[in-house]
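Asker: Quick one: structure below, then a few questions.
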Amino acid sequence: MKYAYYPGCSSESTARDQYMSIREVSIALGIQLIEPKGWTCCGSTPAHHTDRILSMALPAANLLMAKNMGLDMVVFCAACYNRMKVANYKIQTNPKIRKEISESLGEDYDGSVNVHHFVEVLIKDVGIKKLQESFTHSLDGLRVVNYYGCLLVRPNKVTHFDDPENPVCMDSLVTMMGGKSIDWPHKVECCGGGFALTRTDIVIELSNSILGMAKASGAQCMAVACPMCQINLDLRQSDINKIKNTNYNIPIVYITQLVGLCLGISPVKLGMDACVVSPRPILDTVTSN
Amino acid sequence: MSIVLRKEKTETSLQQLVKDLSGVDVAGCLQCKKCTNGCPVTTLVKVPSSEIIRRLQLNMGDSILNSDLVWMCASCETCYSRCPMHIDMASVMDALRIISVKKNASKQNGNVPLFNRWFLKTVGMFGRTYDLGMIAAYKIGTASYFQDTDKFPMMLRKRKIALLPSFEADKKYVKRIFQKKK
């Protein structure tokens with residue numbers, strides 16, 4: 001299993017824990033991840049707010065690097081994943097856009113590089129059998145709500161990631177690890193995403209609703225698959241408690257960190273010291289098989 | 001919802017401008033309001049998404065650009081993924097934001113365009129985002145110096161924010177993309 005791996009800009013700052021956990025998990029499972037040399041930003045929300053071609057040329061530049069490596073692209077950040085999928089889709093379906101993007105890049109890109117989310121790689125490529133054999137530890141009944149967010153599942157005809165209203169792939173991973181995956185209604189609600197800095201008021205409203213439902217569902221922790229969701233729900237939890245007069249204390253961890261723990265990797269190596277809300281309840285529950 | 005019709009003169013209709021920019025034709029909208037009912041910020045805005053489309057259909061002119069949803073839409077794409085007519089509302093909102101900045105129409109809190117400009121500026125400079133530089137520029141631009149400063153030491157301690165930008169990006173493509181854009 002060999003892939004081009006696009007870490008995304010947040011892996012160098014707010015989501016270094018996500019980067020560390022993916023690295024550790026992939027080494028443990030024999031997944032070879034090679035970063036395209038000199039990868040660049042996907043443009044994220046500011047690019048599609050600003051210019052249509054810019055928003056597709058920026059991810060296409062990285063896809064072109066993967067194409068030259070002859071490898072499929074693996075991404076974890078939901079925003080990067082979404083932008084790459086959209087670029088591929090538009091380039092494949094709209095010759096005019098393909099032409100404009102190739103003019104912008106100075107090279108033609110045909111939209112042919114397959115883009116996978118790391119969770120898809122775990123389930124489809126590594127496979128349930130190998131995962132189960134590799135797990136040395138168990139979540140031992142830990143009650144987990146899985147939060148998929150917006151950009152993995154929408155728009156489904158572009159991303160083709162699981163079911164757009166009720167995705168289950170992360171739930172099946174949690175069950176496989178011996179956790180109790182809770183069926184809850186806020187799997188694909190929006191946390192406020194890119195408004196982290198500009199419209200904190202919106203983030204607080206939306207994230208409050210998600211955390212409230214997680215608490216009401218009896219969750220001991222929330223597993224996420226996007227660095228924006230993680231920072232909004234984790235870093236803003238204390239602000240929400242203050243403003244909304246709540247008392248949430250729900251650890252927000254990357255699904256890869258849970259996988260890492262079950263592979264017997266130490267929490268420090270998985271970057272779990274970077275969590276703002278203490279992940280202690282998770283660490284206390286994980287037991288060796 | 002009640003809409004007061006006031007005919008406005010514009011050279012090209014906003015509906016056409018949106019179509020040129022996004023490739024989306026809003027004429028097929030049935031006003032079923034699935035977009036509005038699924039929208040996470042519906043309860044926070046005055047003009048919800050289905051009403052924006054109706055106003056576009058009725059060619060109500062540039063007043064649409066001042067709707068609060070234009071800069072409160074979180075681009076979650078729930079509207080697009082649930083639309084029975086497959087209208088890509090998320091791209092319509094992108095087009096409205098682009099036109100809004102061009103026509104200098106934006107009336108809003110939070111100054112998202114300023115954030116976008118600095119975000120893209122750091123990408124143009126370093127090939128990747130530089131959070132600290134971008135946040136500093138945004139704070140100076142909006143005079144919001146003290147918002148979240150209490151979190152800064154903790155983020156540094158947890159290495160959740162990098163002091164220096166990354167110099168590892170190969171700017172070959174990025175340079176060209178930004179040059180072509182101008």
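Note on naming: chains are A, B, ... as they come in the structure tokens, residues start from 1 per chain, ligands start from 1 in the order shown.
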For chain B, work out the contacting residues on chain A at 7 Å, counting only C-alpha atoms, and write them as a ChimeraX atom specification.
Answerer: /A:9,12-16,38-41,46,48-50,54,57-58,61,104-105,150-151,154-156,190,192-193,198-199,274
Asker: Please extract the residues of stretch 187-281 of chain A with a backbone DSSP assignment of strand (DSSP E or B) and present them as a PyMOL selection string.
Answerer: chain A and resi 221-224+252-254
Asker: Counting only C-alpha atoms, what is within 8 Å of stretch 117-129 of chain A, bar same-chain residues fewer than 3 positions away, as a list in words?
Answerer: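 In the requested form, the answer reads Met1, Leu29, Val74, Val75, Phe76, Tyr81, Gln132, Glu133, Cys169, Met170 and Leu173 of chain A.
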Asker: Can you pull out the residues contacting A:Asn146? Cut-off 8 Å, using only C-alpha atoms, and skip same-chain residues under 3 positions away; I want them as a list in words.
Answerer: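 My reading of the contact set: Met170, Asp171, Ser181, Ile182, Lys187, Met222, Ala223 and Val224 of chain A.
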Asker: Please return as a PyMOL selection string: the residues of stretch 67-281 of chain A that backbone DSSP assigns to alpha helix (DSSP H).
Answerer: chain A and resi 67-69+78-93+95-105+118-120+128-134+156-159+169-176+200-216+227-235+237-243+255-262+280-281
Asker: Measure the distance from atom CA of A:Glu205 to atom CA of A:Ile240 in Å and round it to one decimal.
Answerer: 8.3 Å
Asker: When you look at A:Ile204 with a cut-off of 9 Å (counting only C-alpha atoms), what residues show up, excluding the ones that are within fewer than 2 positions of it in the same chain? I need them as a list in words.
Answerer: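 The filter keeps Cys191, Gly192, Arg199, Thr200, Asp201, Ile202, Leu206, Ser207, Asn208, Ser209, Asn232, Leu233, Arg236, Gln237, Asp239, Ile240, Ile243 and Lys244 of chain A.
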Asker: Can you list, as a PyMOL selection string, every protein, DNA or RNA residue that comes within 8 Å of A:Val259 when you count only C-alpha atoms, leaving out same-chain residues fewer than 4 positions away?
Answerer: chain A and resi 25+177+255+263
Asker: Counting only C-alpha atoms, which residues of stretch 37-145 of chain A fall within 12 Å of stretch 211-220 of chain A, and what is the closest atom pair for each with its distance in Å at one decimal, ordered by chain and rising number, as a tab-separated table?
Answerer:
```
residue	atom	partner	partner_atom	distance
A:Leu139	CA	A:Gln220	CA	11.4
A:Gly141	CA	A:Gln220	CA	10.2
A:Leu142	CA	A:Gln220	CA	6.8
A:Arg143	CA	A:Ala219	CA	5.2
A:Val144	CA	A:Ala219	CA	5.4
A:Val145	CA	A:Ala219	CA	5.9
```
Asker: Any chance you could export the current selection's C-alpha atoms as a compact mmCIF listing (two decimals), in the first residue's frame?
Answerer:
```
# COMPACT_ATOMS: atom_id res chain seq x y z
CA LEU A 139 -11.70 0.78 23.67
CA GLY A 141 -17.01 -0.17 25.79
CA LEU A 142 -16.02 3.52 25.57
CA ARG A 143 -19.10 5.46 24.43
CA VAL A 144 -18.07 7.37 21.30
CA VAL A 145 -20.08 9.70 19.06
```
Asker: Out of A:Val153, A:Ile53, A:Cys77, A:Leu270, which residue has the shortest atom-to-atom distance to A:Cys226 when counting only C-alpha atoms?
Answerer: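 Checking each candidate against A:Cys226, we get A:Cys77 as the closest.
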Asker: Please report the interatomic distance between atom CA of B:Pro153 and atom CA of A:Asp234 in Å with one decimal.
Answerer: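 Between these atoms lies a distance of 16.1 Å.
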Asker: So how many Å separate atom CA of A:Ser102 and atom CA of B:Lys19, to one decimal?
Answerer: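 Distance reported for this atom pair: 22.2 Å.
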